[in-house]
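What follows is the content of data-v8.cif (mmCIF, C-alpha atoms).
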data_model
loop_
_atom_site.label_atom_id
_atom_site.label_comp_id
_atom_site.auth_asym_id
_atom_site.auth_seq_id
_atom_site.Cartn_x
_atom_site.Cartn_y
_atom_site.Cartn_z
CA MET M 1 105.20 -71.59 56.75
CA GLU M 2 107.26 -73.24 54.07
CA ASN M 3 110.38 -72.14 55.92
CA LEU M 4 109.10 -73.64 59.17
CA GLU M 5 108.37 -76.91 57.40
CA HIS M 6 111.95 -76.95 56.15
CA ILE M 7 113.31 -76.26 59.65
CA LEU M 8 111.16 -79.04 61.10
CA GLY M 9 112.29 -81.47 58.43
CA GLU M 10 115.94 -80.67 59.17
CA HIS M 11 115.61 -81.29 62.90
CA PRO M 12 117.07 -84.69 63.89
CA PHE M 13 113.86 -85.67 65.67
CA PHE M 14 111.78 -85.36 62.50
CA GLN M 15 114.30 -86.60 59.98
CA GLY M 16 112.66 -89.01 57.55
CA LEU M 17 109.12 -87.91 58.41
CA LYS M 18 106.81 -87.88 55.39
CA HIS M 19 106.15 -84.54 53.72
CA GLU M 20 102.41 -84.72 54.41
CA HIS M 21 103.05 -85.28 58.12
CA LEU M 22 105.50 -82.38 58.26
CA HIS M 23 102.85 -80.27 56.60
CA LEU M 24 100.36 -81.27 59.30
CA LEU M 25 102.87 -80.43 62.02
CA VAL M 26 103.51 -76.94 60.72
CA GLY M 27 99.97 -75.99 61.69
CA CYS M 28 100.89 -76.67 65.35
CA ALA M 29 104.38 -75.14 65.27
CA SER M 30 105.86 -71.72 65.93
CA ASN M 31 109.28 -70.14 66.38
CA VAL M 32 110.17 -69.12 69.93
CA ARG M 33 113.18 -67.63 71.72
CA PHE M 34 114.17 -67.54 75.35
CA ASP M 35 116.68 -65.23 76.97
CA ALA M 36 119.34 -66.54 79.32
CA GLY M 37 117.78 -67.25 82.70
CA GLN M 38 114.21 -67.34 81.39
CA TYR M 39 112.07 -70.28 82.51
CA ILE M 40 110.57 -72.34 79.69
CA LEU M 41 108.66 -74.85 81.82
CA ARG M 42 107.68 -74.90 85.49
CA GLU M 43 107.13 -78.05 87.51
CA GLY M 44 103.42 -78.74 88.14
CA ALA M 45 102.21 -76.49 85.33
CA GLU M 46 100.03 -77.78 82.53
CA ALA M 47 102.09 -79.52 79.83
CA ASN M 48 100.72 -78.66 76.43
CA THR M 49 103.87 -77.92 74.47
CA PHE M 50 107.18 -79.42 73.51
CA TYR M 51 110.22 -77.78 72.02
CA LEU M 52 112.77 -78.68 69.38
CA VAL M 53 115.90 -76.81 70.35
CA ARG M 54 117.59 -75.17 67.35
CA PHE M 55 120.40 -73.62 69.30
CA GLY M 56 121.24 -72.58 72.83
CA LYS M 57 121.28 -74.59 76.03
CA VAL M 58 118.55 -75.50 78.49
CA ALA M 59 118.87 -76.79 82.06
CA LEU M 60 116.31 -79.22 83.44
CA GLU M 61 116.09 -78.49 87.14
CA MET M 62 114.42 -79.72 90.29
CA GLY M 63 114.22 -77.77 93.51
CA THR M 64 116.03 -79.28 96.52
CA PRO M 65 115.32 -78.19 100.09
CA ASN M 66 117.90 -75.72 101.45
CA LYS M 67 120.14 -76.11 98.42
CA GLY M 68 118.15 -74.50 95.65
CA PRO M 69 117.64 -75.92 92.18
CA MET M 70 119.72 -78.91 91.09
CA ILE M 71 120.43 -79.38 87.38
CA ILE M 72 119.54 -82.92 86.41
CA GLU M 73 120.31 -82.60 82.72
CA THR M 74 121.22 -80.04 80.09
CA ILE M 75 120.00 -80.21 76.53
CA GLY M 76 121.07 -78.29 73.49
CA GLU M 77 120.99 -77.97 69.74
CA GLY M 78 119.13 -80.79 68.03
CA ASP M 79 117.54 -82.03 71.28
CA LEU M 80 113.89 -82.25 72.19
CA LEU M 81 112.49 -80.74 75.37
CA GLY M 82 109.39 -82.17 77.04
CA TRP M 83 107.25 -85.24 76.61
CA SER M 84 104.71 -84.74 79.43
CA TRP M 85 102.28 -83.26 76.87
CA LEU M 86 101.94 -86.80 75.49
CA VAL M 87 100.87 -88.59 78.67
CA PRO M 88 98.03 -87.71 81.08
CA PRO M 89 97.73 -85.80 83.39
CA TYR M 90 99.74 -83.48 81.11
CA THR M 91 101.75 -81.68 83.79
CA TRP M 92 105.49 -80.87 83.83
CA HIS M 93 107.66 -82.87 86.22
CA PHE M 94 110.57 -80.41 86.33
CA ASP M 95 111.58 -76.84 85.58
CA ALA M 96 113.40 -75.96 82.36
CA ARG M 97 115.50 -72.79 82.24
CA ALA M 98 117.39 -71.32 79.29
CA MET M 99 121.09 -71.15 80.29
CA GLU M 100 121.86 -68.90 77.35
CA LEU M 101 119.90 -67.35 74.49
CA THR M 102 117.93 -70.29 73.12
CA ARG M 103 115.91 -70.55 69.94
CA ALA M 104 113.47 -73.39 69.42
CA ILE M 105 110.42 -74.56 67.54
CA SER M 106 107.48 -74.84 69.87
CA ILE M 107 104.85 -77.47 69.04
CA ASP M 108 101.37 -77.12 70.50
CA GLY M 109 100.65 -80.46 72.15
CA LYS M 110 96.87 -80.04 72.26
CA CYS M 111 96.80 -79.32 68.54
CA LEU M 112 99.08 -82.28 67.85
CA ARG M 113 97.07 -84.68 70.04
CA ARG M 114 94.00 -83.89 67.93
CA LYS M 115 95.89 -84.55 64.71
CA ILE M 116 97.33 -87.79 66.07
CA ASP M 117 93.83 -88.98 67.04
CA ASN M 118 92.74 -88.44 63.44
CA ASP M 119 95.88 -89.83 61.80
CA HIS M 120 97.15 -92.99 63.45
CA GLU M 121 100.09 -93.29 61.11
CA LEU M 122 101.32 -89.92 62.34
CA GLY M 123 100.64 -91.11 65.88
CA TYR M 124 102.72 -94.24 65.28
CA GLU M 125 105.60 -92.11 63.91
CA PHE M 126 105.47 -89.92 66.99
CA LEU M 127 105.38 -92.77 69.46
CA ARG M 128 108.22 -94.55 67.65
CA ARG M 129 110.40 -91.44 67.83
CA PHE M 130 109.47 -90.65 71.42
CA SER M 131 110.06 -94.27 72.48
CA ASP M 132 113.55 -94.13 71.01
CA LEU M 133 114.20 -90.87 72.84
CA MET M 134 112.83 -92.28 76.11
CA VAL M 135 115.04 -95.37 75.88
CA LYS M 136 118.11 -93.14 75.44
CA ARG M 137 117.11 -90.95 78.37
CA PHE M 138 116.37 -93.99 80.57
CA ASP M 139 119.76 -95.52 79.73
CA ALA M 140 121.44 -92.24 80.63
CA THR M 141 119.41 -91.97 83.84
CA ARG M 142 120.37 -95.51 84.85
CA LEU M 143 124.03 -94.71 84.35
CA GLN M 144 123.57 -91.50 86.32
CA LEU M 145 121.82 -93.36 89.14
CA MET M 146 124.66 -95.88 89.40
CA ASP M 147 126.90 -92.99 90.43
CA VAL M 148 129.83 -94.80 88.84
CA TYR M 149 132.35 -92.12 89.81
CA GLY M 150 131.19 -92.15 93.45
CA ASN M 151 133.18 -94.84 95.25
CA ARG M 152 134.23 -92.53 98.01
CA ALA M 153 135.67 -94.34 101.01
CA MET J 1 170.61 -97.57 115.74
CA GLU J 2 168.73 -97.45 112.45
CA THR J 3 170.88 -97.25 109.35
CA ALA J 4 169.73 -95.20 106.37
CA PRO J 5 169.23 -97.38 103.27
CA ASP J 6 171.84 -97.13 100.54
CA LEU J 7 169.46 -95.82 97.87
CA GLN J 8 172.06 -95.88 95.12
CA SER J 9 172.76 -99.60 95.51
CA ILE J 10 169.04 -100.36 95.80
CA SER J 11 168.43 -98.49 92.53
CA ALA J 12 171.17 -100.41 90.73
CA GLU J 13 169.82 -103.70 91.99
CA ALA J 14 166.25 -102.78 91.10
CA ALA J 15 167.27 -102.28 87.50
CA LEU J 16 168.14 -105.96 87.41
CA SER J 17 165.14 -107.36 89.25
CA PRO J 18 161.56 -106.62 88.21
CA MET J 19 160.33 -107.47 91.71
CA LEU J 20 162.54 -104.97 93.51
CA PRO J 21 161.20 -101.41 93.73
CA ARG J 22 163.37 -98.45 92.80
CA PRO J 23 163.27 -95.58 95.27
CA PHE J 24 161.75 -92.34 94.00
CA VAL J 25 161.59 -89.13 95.96
CA ILE J 26 158.51 -86.88 95.93
CA LYS J 27 159.37 -83.50 94.43
CA ARG J 28 155.89 -82.03 94.46
CA VAL J 29 152.38 -82.82 95.68
CA ARG J 30 149.46 -81.24 93.90
CA ARG J 31 145.89 -81.39 95.22
CA GLU J 32 143.58 -81.97 92.23
CA THR J 33 140.20 -82.36 93.97
CA GLU J 34 139.02 -83.04 97.50
CA ASP J 35 140.16 -86.66 97.35
CA THR J 36 142.49 -86.79 94.34
CA PHE J 37 146.13 -85.79 94.21
CA THR J 38 149.15 -85.86 91.92
CA LEU J 39 152.68 -86.79 92.93
CA GLU J 40 155.70 -85.69 90.92
CA LEU J 41 158.60 -88.06 91.52
CA GLU J 42 162.24 -88.32 90.61
CA PRO J 43 164.46 -91.38 90.89
CA THR J 44 167.07 -91.29 93.63
CA GLY J 45 170.64 -92.22 92.94
CA ARG J 46 170.18 -92.08 89.16
CA ASP J 47 169.45 -89.28 86.76
CA ASP J 48 168.21 -91.26 83.79
CA GLY J 49 164.56 -90.35 84.44
CA PHE J 50 161.72 -92.69 83.69
CA SER J 51 160.71 -93.64 80.17
CA PHE J 52 157.28 -95.09 79.55
CA THR J 53 154.60 -95.42 76.90
CA PRO J 54 151.14 -93.80 77.35
CA GLY J 55 148.76 -96.26 78.99
CA GLN J 56 151.37 -98.05 81.10
CA PHE J 57 151.29 -98.30 84.89
CA ASN J 58 153.69 -98.73 87.80
CA MET J 59 153.50 -100.78 90.95
CA VAL J 60 153.80 -98.08 93.62
CA TYR J 61 155.03 -99.14 97.05
CA VAL J 62 154.33 -97.10 100.17
CA PHE J 63 156.95 -98.55 102.49
CA GLY J 64 155.44 -100.47 105.37
CA VAL J 65 151.90 -100.16 104.00
CA GLY J 66 151.61 -101.91 100.65
CA GLU J 67 152.01 -101.86 96.90
CA ILE J 68 149.34 -101.02 94.30
CA PRO J 69 149.17 -100.47 90.54
CA ILE J 70 148.73 -96.85 89.43
CA SER J 71 148.69 -95.58 85.87
CA ILE J 72 151.25 -92.99 84.85
CA SER J 73 149.63 -89.60 84.20
CA GLY J 74 152.61 -87.53 83.04
CA ASP J 75 154.06 -86.49 79.70
CA PRO J 76 156.02 -89.28 77.98
CA ALA J 77 158.17 -86.64 76.29
CA ARG J 78 159.35 -85.44 79.70
CA PRO J 79 160.79 -88.55 81.31
CA THR J 80 162.78 -86.64 83.93
CA THR J 81 159.72 -86.55 86.17
CA LEU J 82 157.42 -89.46 86.89
CA ILE J 83 153.84 -88.36 87.55
CA HIS J 84 151.07 -90.34 89.22
CA THR J 85 147.55 -89.10 89.90
CA THR J 86 145.31 -91.12 92.17
CA ARG J 87 142.36 -90.92 94.48
CA ALA J 88 142.63 -91.62 98.20
CA VAL J 89 140.21 -94.52 98.58
CA GLY J 90 142.13 -97.52 99.96
CA THR J 91 144.75 -98.20 102.61
CA VAL J 92 147.72 -97.55 100.34
CA THR J 93 146.37 -94.49 98.53
CA LYS J 94 145.28 -92.97 101.86
CA ALA J 95 148.80 -93.46 103.19
CA MET J 96 150.15 -92.00 99.95
CA ASP J 97 147.93 -88.96 100.42
CA LYS J 98 149.78 -88.23 103.68
CA LEU J 99 153.21 -88.20 102.04
CA ARG J 100 154.92 -84.89 101.45
CA ARG J 101 157.77 -83.40 99.43
CA GLY J 102 161.01 -85.23 100.21
CA ASP J 103 159.34 -88.54 101.16
CA THR J 104 160.32 -91.68 99.28
CA LEU J 105 158.21 -94.25 97.43
CA GLY J 106 159.16 -97.53 95.77
CA ILE J 107 158.41 -97.87 92.05
CA ARG J 108 158.38 -100.98 89.87
CA GLY J 109 157.60 -100.57 86.21
CA PRO J 110 156.59 -99.37 83.74
CA TYR J 111 154.36 -102.33 82.98
CA GLY J 112 151.57 -103.22 80.63
CA SER J 113 150.31 -102.47 77.16
CA PRO J 114 150.05 -98.93 75.76
CA TRP J 115 147.22 -97.02 74.09
CA PRO J 116 147.26 -97.78 70.32
CA LEU J 117 148.60 -94.39 69.25
CA ASP J 118 150.39 -95.78 66.17
CA LYS J 119 147.07 -97.06 64.90
CA ALA J 120 145.59 -93.57 65.35
CA VAL J 121 148.05 -91.80 63.06
CA GLY J 122 146.24 -90.08 60.19
CA ARG J 123 142.83 -90.73 61.76
CA ASP J 124 140.42 -88.96 64.08
CA VAL J 125 141.14 -89.67 67.74
CA VAL J 126 138.40 -89.69 70.35
CA PHE J 127 139.34 -89.87 74.01
CA VAL J 128 136.51 -90.67 76.40
CA ALA J 129 137.38 -90.34 80.06
CA GLY J 130 135.25 -90.89 83.14
CA GLY J 131 136.25 -89.54 86.55
CA ILE J 132 139.80 -90.48 87.55
CA GLY J 133 140.04 -92.27 84.16
CA LEU J 134 141.33 -89.01 82.71
CA ALA J 135 144.68 -89.64 84.44
CA PRO J 136 145.68 -92.79 82.46
CA LEU J 137 144.58 -91.07 79.24
CA ARG J 138 146.53 -87.87 79.85
CA PRO J 139 149.91 -89.22 78.60
CA ALA J 140 148.21 -90.18 75.31
CA LEU J 141 146.67 -86.71 75.09
CA TYR J 142 150.09 -85.12 75.68
CA HIS J 143 151.51 -87.25 72.89
CA VAL J 144 148.74 -86.36 70.43
CA VAL J 145 148.92 -82.64 71.29
CA SER J 146 152.73 -82.66 70.84
CA ASN J 147 152.38 -84.42 67.49
CA ARG J 148 149.17 -82.71 66.46
CA GLU J 149 149.91 -82.69 62.70
CA ARG J 150 150.01 -86.50 62.62
CA PHE J 151 146.35 -86.92 63.59
CA GLY J 152 142.94 -85.96 62.22
CA LYS J 153 140.33 -84.41 64.49
CA VAL J 154 141.07 -84.81 68.17
CA VAL J 155 138.15 -84.94 70.58
CA LEU J 156 138.15 -85.34 74.34
CA LEU J 157 134.86 -86.20 76.04
CA TYR J 158 135.21 -86.05 79.79
CA GLY J 159 132.52 -86.92 82.29
CA THR J 160 132.76 -86.78 86.03
CA ARG J 161 130.58 -86.69 89.08
CA SER J 162 130.25 -82.98 89.83
CA PRO J 163 132.00 -79.70 88.99
CA ALA J 164 134.15 -80.09 92.13
CA ASP J 165 135.45 -83.44 90.82
CA ILE J 166 136.87 -82.13 87.54
CA LEU J 167 140.49 -83.24 87.21
CA PHE J 168 143.30 -81.22 85.59
CA ARG J 169 140.96 -78.23 85.28
CA GLU J 170 143.61 -75.76 84.10
CA GLU J 171 144.90 -78.13 81.46
CA LEU J 172 141.37 -78.83 80.21
CA GLU J 173 140.81 -75.10 79.86
CA THR J 174 144.08 -74.71 77.94
CA TRP J 175 143.20 -77.56 75.60
CA ARG J 176 139.67 -76.26 75.11
CA ALA J 177 141.05 -72.87 74.08
CA ARG J 178 143.00 -74.43 71.19
CA PHE J 179 141.47 -74.33 67.73
CA ASP J 180 142.64 -77.84 66.88
CA LEU J 181 141.15 -79.74 69.83
CA ASP J 182 137.50 -80.32 70.73
CA VAL J 183 137.10 -80.70 74.46
CA TYR J 184 133.70 -81.35 76.03
CA VAL J 185 133.13 -81.72 79.75
CA THR J 186 129.98 -82.94 81.43
CA VAL J 187 129.06 -83.74 85.01
CA ASP J 188 126.49 -86.17 86.36
CA ARG J 189 124.98 -83.58 88.68
CA ALA J 190 125.33 -79.90 89.47
CA MET J 191 123.65 -77.09 91.31
CA SER J 192 122.03 -74.22 89.49
CA GLY J 193 125.14 -71.98 89.27
CA TRP J 194 126.98 -74.41 86.96
CA ARG J 195 127.07 -73.17 83.37
CA GLY J 196 128.44 -76.32 81.73
CA ASN J 197 126.83 -79.57 80.61
CA VAL J 198 124.97 -81.97 82.87
CA GLY J 199 124.43 -85.55 81.76
CA VAL J 200 126.41 -88.76 81.45
CA VAL J 201 129.43 -88.79 79.16
CA THR J 202 127.80 -91.21 76.70
CA THR J 203 125.20 -88.60 75.75
CA MET J 204 127.96 -86.49 74.15
CA ILE J 205 129.03 -89.22 71.71
CA PRO J 206 126.24 -88.86 69.09
CA LYS J 207 127.04 -85.16 68.55
CA ALA J 208 130.83 -85.23 68.95
CA PRO J 209 132.65 -83.89 65.86
CA PHE J 210 134.52 -86.89 64.41
CA ASP J 211 134.18 -89.24 61.47
CA PRO J 212 133.19 -92.62 62.92
CA ARG J 213 134.40 -94.45 59.81
CA ASN J 214 137.92 -93.19 60.36
CA ALA J 215 138.19 -92.81 64.11
CA VAL J 216 140.05 -94.51 66.90
CA ALA J 217 138.48 -94.37 70.37
CA MET J 218 140.39 -94.70 73.63
CA VAL J 219 138.18 -95.10 76.67
CA CYS J 220 139.09 -95.05 80.34
CA GLY J 221 136.91 -94.87 83.43
CA PRO J 222 134.74 -97.08 85.61
CA GLU J 223 134.03 -100.37 83.86
CA ILE J 224 130.29 -99.75 83.52
CA MET J 225 130.97 -96.36 81.96
CA MET J 226 133.41 -97.97 79.50
CA ARG J 227 130.82 -100.59 78.48
CA PHE J 228 128.15 -97.96 77.85
CA THR J 229 130.67 -95.77 76.02
CA ALA J 230 131.96 -98.57 73.79
CA ALA J 231 128.39 -99.53 72.91
CA GLU J 232 127.58 -95.93 71.99
CA MET J 233 130.75 -95.64 69.89
CA ILE J 234 129.84 -98.77 67.95
CA LYS J 235 126.28 -97.47 67.51
CA ARG J 236 127.75 -94.24 66.11
CA GLY J 237 129.59 -96.34 63.52
CA VAL J 238 133.08 -96.78 64.98
CA ASP J 239 134.51 -100.21 64.17
CA ILE J 240 134.71 -102.31 67.34
CA ARG J 241 138.37 -103.04 66.47
CA ASP J 242 139.08 -99.33 66.79
CA VAL J 243 137.81 -99.04 70.36
CA SER J 244 140.25 -99.60 73.23
CA VAL J 245 139.60 -99.72 76.96
CA SER J 246 141.85 -99.77 80.00
CA LEU J 247 140.95 -102.37 82.61
CA GLU J 248 141.68 -102.56 86.31
CA ARG J 249 142.01 -105.79 88.22
CA ASN J 250 143.73 -106.97 91.38
CA MET J 251 147.34 -106.72 90.22
CA LYS J 252 150.10 -107.93 92.52
CA CYS J 253 153.29 -108.88 90.69
CA GLY J 254 152.69 -106.66 87.65
CA ILE J 255 154.52 -109.03 85.32
CA GLY J 256 152.09 -111.90 84.73
CA LEU J 257 153.53 -114.37 87.24
CA CYS J 258 151.23 -114.44 90.24
CA GLY J 259 147.87 -114.77 88.47
CA HIS J 260 145.97 -112.37 90.75
CA CYS J 261 144.78 -110.26 87.82
CA GLN J 262 143.80 -113.18 85.60
CA PHE J 263 140.76 -112.24 83.50
CA GLY J 264 139.64 -115.23 81.47
CA PRO J 265 142.56 -116.16 79.24
CA VAL J 266 144.56 -112.97 79.87
CA PHE J 267 146.51 -111.31 82.64
CA VAL J 268 145.49 -107.67 82.93
CA CYS J 269 148.95 -106.58 84.14
CA LYS J 270 150.89 -108.21 81.30
CA ASP J 271 148.42 -108.39 78.39
CA GLY J 272 146.69 -105.14 79.40
CA PRO J 273 145.75 -102.86 81.00
CA VAL J 274 144.86 -101.46 77.56
CA PHE J 275 142.86 -103.97 75.52
CA PRO J 276 141.03 -103.82 72.22
CA TYR J 277 137.39 -103.75 73.28
CA ALA J 278 136.64 -106.62 70.88
CA GLN J 279 138.98 -108.84 72.90
CA VAL J 280 137.27 -108.26 76.26
CA ARG J 281 133.68 -107.31 75.42
CA ASP J 282 132.15 -110.73 76.03
CA MET J 283 134.12 -111.26 79.24
CA LEU J 284 133.05 -107.95 80.73
CA VAL J 285 129.45 -109.15 81.03
CA LYS J 286 130.35 -112.50 82.61
CA TRP J 287 130.28 -112.10 86.38
CA GLU J 288 131.87 -115.52 86.85
CA ILE J 289 135.19 -114.31 85.41
#
So that I can check it, write out the structure of this file as structure tokens.
Amino acid sequence: MENLEHILGEHPFFQGLKHEHLHLLVGCASNVRFDAGQYILREGAEANTFYLVRFGKVALEMGTPNKGPMIIETIGEGDLLGWSWLVPPYTWHFDARAMELTRAISIDGKCLRRKIDNDHELGYEFLRRFSDLMVKRFDATRLQLMDVYGNRA
Amino acid sequence: METAPDLQSISAEAALSPMLPRPFVIKRVRRETEDTFTLELEPTGRDDGFSFTPGQFNMVYVFGVGEIPISISGDPARPTTLIHTTRAVGTVTKAMDKLRRGDTLGIRGPYGSPWPLDKAVGRDVVFVAGGIGLAPLRPALYHVVSNRERFGKVVLLYGTRSPADILFREELETWRARFDLDVYVTVDRAMSGWRGNVGVVTTMIPKAPFDPRNAVAMVCGPEIMMRFTAAEMIKRGVDIRDVSVSLERNMKCGIGLCGHCQFGPVFVCKDGPVFPYAQVRDMLVKWEI
């Protein structure tokens, strides 16, 4: 458990988090691995987990009619996968597939939601970090939507 | 009866007048992507090649169609061949796309300001290219690769629309295989078979392996992409004075006389196209300019 606490503390998403909060998190965390090609999340399924990727690469995909899955983003070492566990109705909005052997820390969202309800300071820390992450992803999505390289005649 | 032009006398005259194009013959056409191509050109009537500095551009004249500015994409250490890479999007570039080996183009140049490679000596160099913006950066990359010992870490971050739109694919693979270059490619969208990165080029900046306190960034691509990239570089800790961008405007004369490419107090053709980001940042968000 001590080792897991150290790994969590080293992850960019949790850097600077108080020791007591890291200690609380460890109770909801576990080490996981996914083989290349293995699905981590499926669209529409219940979202009760998120992952801190330690190494490997994950594709976020959406199915497109007649064309198969389209990759909308890839994430890798140091990134966080999944925030639907934080917002009702707690369902995934996309598929996530390991593109190569991927190791991650899985955090049980149900467990964490209970702890956040009892410790608002921890809740504030989480929302602050997730808000920062969301702003970055929204900025990237806006740039992606602008299709700046498009300009085909 | 039509008389063939005396290319030798035109060349000699062109050397004296900046407004008169020099004839260059196409030696090779290379298809890069569905809509992007590279022309390898040699001057006719002279064998002195074509010297330029990375970042500079030429005014390229398709006879009877029109003249447009295009950045030089070749190796500055190999001036015998002039190389231009462009995308067929407008009247002139579409006409250029139809030209074949042996056809002749008019060239005026080289014009404009170079990438600040002298400033990068002894420091980390980060190239950030978006789409066709890799072409104007390629001469600077050639220079840095040829003089590798003079620079710190060298990183290329390249973003483009889809895997099919990746420019200079073979060269990217060669550079990526080297132990002294860090090359990262990402695309904005891809189907499931793609094994590379998906996401906008700016998302690679926070993790890229360079020291922001001692890095020089050279950025080329669509203007919006350059703004986002410059902002991300500064956020990472790169000094704004160490970020350069290459701008595109409606250039006509290429030598700062006609005023078509005026951008606030500067002419992009003469004072640019490469600018310190600090010089143009505020103007880039003013639509009135």
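The result of the PyMOL selection byres ((chain M) within 7 of (chain J)) on the shown file is Pro69, Met70, Ile71, Ile72, Glu73, Thr74, Ala140, Gln144, Val148, Tyr149, Arg152 and Ala153 of chain M.
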How about saving the chosen residues, C-alpha atoms kept, as a short mmCIF file (atom, residue, chain, number, x, y, z; two decimals), in the frame of the given file?
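Produced file result-v9.cif, reproduced below:
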data_model
loop_
_atom_site.label_atom_id
_atom_site.label_comp_id
_atom_site.auth_asym_id
_atom_site.auth_seq_id
_atom_site.Cartn_x
_atom_site.Cartn_y
_atom_site.Cartn_z
CA PRO M 69 117.64 -75.92 92.18
CA MET M 70 119.72 -78.91 91.09
CA ILE M 71 120.43 -79.38 87.38
CA ILE M 72 119.54 -82.92 86.41
CA GLU M 73 120.31 -82.60 82.72
CA THR M 74 121.22 -80.04 80.09
CA ALA M 140 121.44 -92.24 80.63
CA GLN M 144 123.57 -91.50 86.32
CA VAL M 148 129.83 -94.80 88.84
CA TYR M 149 132.35 -92.12 89.81
CA ARG M 152 134.23 -92.53 98.01
CA ALA M 153 135.67 -94.34 101.01
#
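With only C-alpha atoms as the atoms that count, the residue of J:Lys270, J:Lys252, J:Arg178, J:Arg227 with the shortest distance to Met59 in chain J is J:Lys252.
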Nearest to Lys18 in chain M among M:Arg137, M:Arg33, M:Val87, M:Phe126, with distances taken over all atoms listed in the file: which residue is it?
-> M:Phe126
One decimal, Å: what's the distance from CA of Gly150 in chain M over to CA of Phe127 in chain J, could you say?
-> 21.2 Å
Explicit residue set for the PyMOL selection byres ((chain J and resi 232) around 12), as a PyMOL selection string | (chain M and resi 136+139-140) or (chain J and resi 128+200-208+212+217+219+225-231+233-240+243)
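Once the PyMOL selection byres ((chain M and resi 49) around 8) is applied to this file, the selection holds Ala47, Asn48, Phe50, Tyr51, Gly82, Trp85, Ser106, Ile107, Asp108, Gly109 and Lys110 of chain M.
Near range 46-55 of chain J, within 7 Å and counting all atoms listed in the file, sit Glu42, Pro43, Ser71, Pro76, Pro79, Thr80, Thr81, Leu82, Pro110, Ser113, Pro114, Trp115, Pro136, Leu137, Pro139, Ala140 and Val274 of chain J; same-chain residues fewer than 3 positions away were not included.
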Selection from above, C-alpha atoms, as a short mmCIF file (atom, residue, chain, number, x, y, z; two decimals), keeping the file's coordinate frame, can you write it?
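Just written: out-v2.cif:
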data_model
loop_
_atom_site.label_atom_id
_atom_site.label_comp_id
_atom_site.auth_asym_id
_atom_site.auth_seq_id
_atom_site.Cartn_x
_atom_site.Cartn_y
_atom_site.Cartn_z
CA GLU J 42 162.24 -88.32 90.61
CA PRO J 43 164.46 -91.38 90.89
CA SER J 71 148.69 -95.58 85.87
CA PRO J 76 156.02 -89.28 77.98
CA PRO J 79 160.79 -88.55 81.31
CA THR J 80 162.78 -86.64 83.93
CA THR J 81 159.72 -86.55 86.17
CA LEU J 82 157.42 -89.46 86.89
CA PRO J 110 156.59 -99.37 83.74
CA SER J 113 150.31 -102.47 77.16
CA PRO J 114 150.05 -98.93 75.76
CA TRP J 115 147.22 -97.02 74.09
CA PRO J 136 145.68 -92.79 82.46
CA LEU J 137 144.58 -91.07 79.24
CA PRO J 139 149.91 -89.22 78.60
CA ALA J 140 148.21 -90.18 75.31
CA VAL J 274 144.86 -101.46 77.56
#
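With CA of Pro65 in chain M on one side and CA of Gly44 in chain M on the other, the separation reads 16.9 Å.
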First collect every listed atom of range 123-133 of chain J; then fit an axis-aligned box around them, widen it by 6 Å on each side, and give centre and edge lengths in Å to one decimal, as lines of an AutoDock Vina configuration file.
center_x = 139.0
center_y = -90.6
center_z = 74.7
size_x = 19.6
size_y = 15.3
size_z = 37.8
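Minimum atom-to-atom distance to Met62 in chain M, evaluated using all atoms listed in the file, belongs to M:Ala96 out of M:Leu80, M:Ile116, M:Ala96, M:Ile40.
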Distance CA of Asn66 in chain M-CA of Leu143 in chain M, one decimal place?
-> 26.3 Å
Which residues, protein or nucleic acid, reach to within 6 Å of (143.4, -99.2, 79.6) in the file's coordinates when using all atoms listed in the file, and can you give that as a CSV table (one decimal) with C-alpha atoms, in the coordinates of the input?
chain,number,residue,atom,x,y,z
J,245,VAL,CA,139.6,-99.7,77.0
J,246,SER,CA,141.8,-99.8,80.0
J,247,LEU,CA,141.0,-102.4,82.6
J,273,PRO,CA,145.8,-102.9,81.0
J,274,VAL,CA,144.9,-101.5,77.6
I'd like the contact shell of range 5-7 of chain M - 12 Å cut-off, only C-alpha atoms, skipping same-chain residues fewer than 2 positions apart - returned as a tab-separated table (two decimals) with C-alpha atoms, in the coordinates of the input.
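Output (result-v7.tsv):
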chain	number	residue	atom	x	y	z
M	1	MET	CA	105.20	-71.59	56.75
M	2	GLU	CA	107.26	-73.24	54.07
M	3	ASN	CA	110.38	-72.14	55.92
M	9	GLY	CA	112.29	-81.47	58.43
M	10	GLU	CA	115.94	-80.67	59.17
M	11	HIS	CA	115.61	-81.29	62.90
M	12	PRO	CA	117.07	-84.69	63.89
M	13	PHE	CA	113.86	-85.67	65.67
M	14	PHE	CA	111.78	-85.36	62.50
M	15	GLN	CA	114.30	-86.60	59.98
M	17	LEU	CA	109.12	-87.91	58.41
M	18	LYS	CA	106.81	-87.88	55.39
M	19	HIS	CA	106.15	-84.54	53.72
M	20	GLU	CA	102.41	-84.72	54.41
M	21	HIS	CA	103.05	-85.28	58.12
M	22	LEU	CA	105.50	-82.38	58.26
M	23	HIS	CA	102.85	-80.27	56.60
M	24	LEU	CA	100.36	-81.27	59.30
M	25	LEU	CA	102.87	-80.43	62.02
M	26	VAL	CA	103.51	-76.94	60.72
M	27	GLY	CA	99.97	-75.99	61.69
M	28	CYS	CA	100.89	-76.67	65.35
M	29	ALA	CA	104.38	-75.14	65.27
M	30	SER	CA	105.86	-71.72	65.93
M	31	ASN	CA	109.28	-70.14	66.38
M	52	LEU	CA	112.77	-78.68	69.38
M	53	VAL	CA	115.90	-76.81	70.35
M	54	ARG	CA	117.59	-75.17	67.35
M	78	GLY	CA	119.13	-80.79	68.03
M	104	ALA	CA	113.47	-73.39	69.42
M	105	ILE	CA	110.42	-74.56	67.54
M	106	SER	CA	107.48	-74.84	69.87
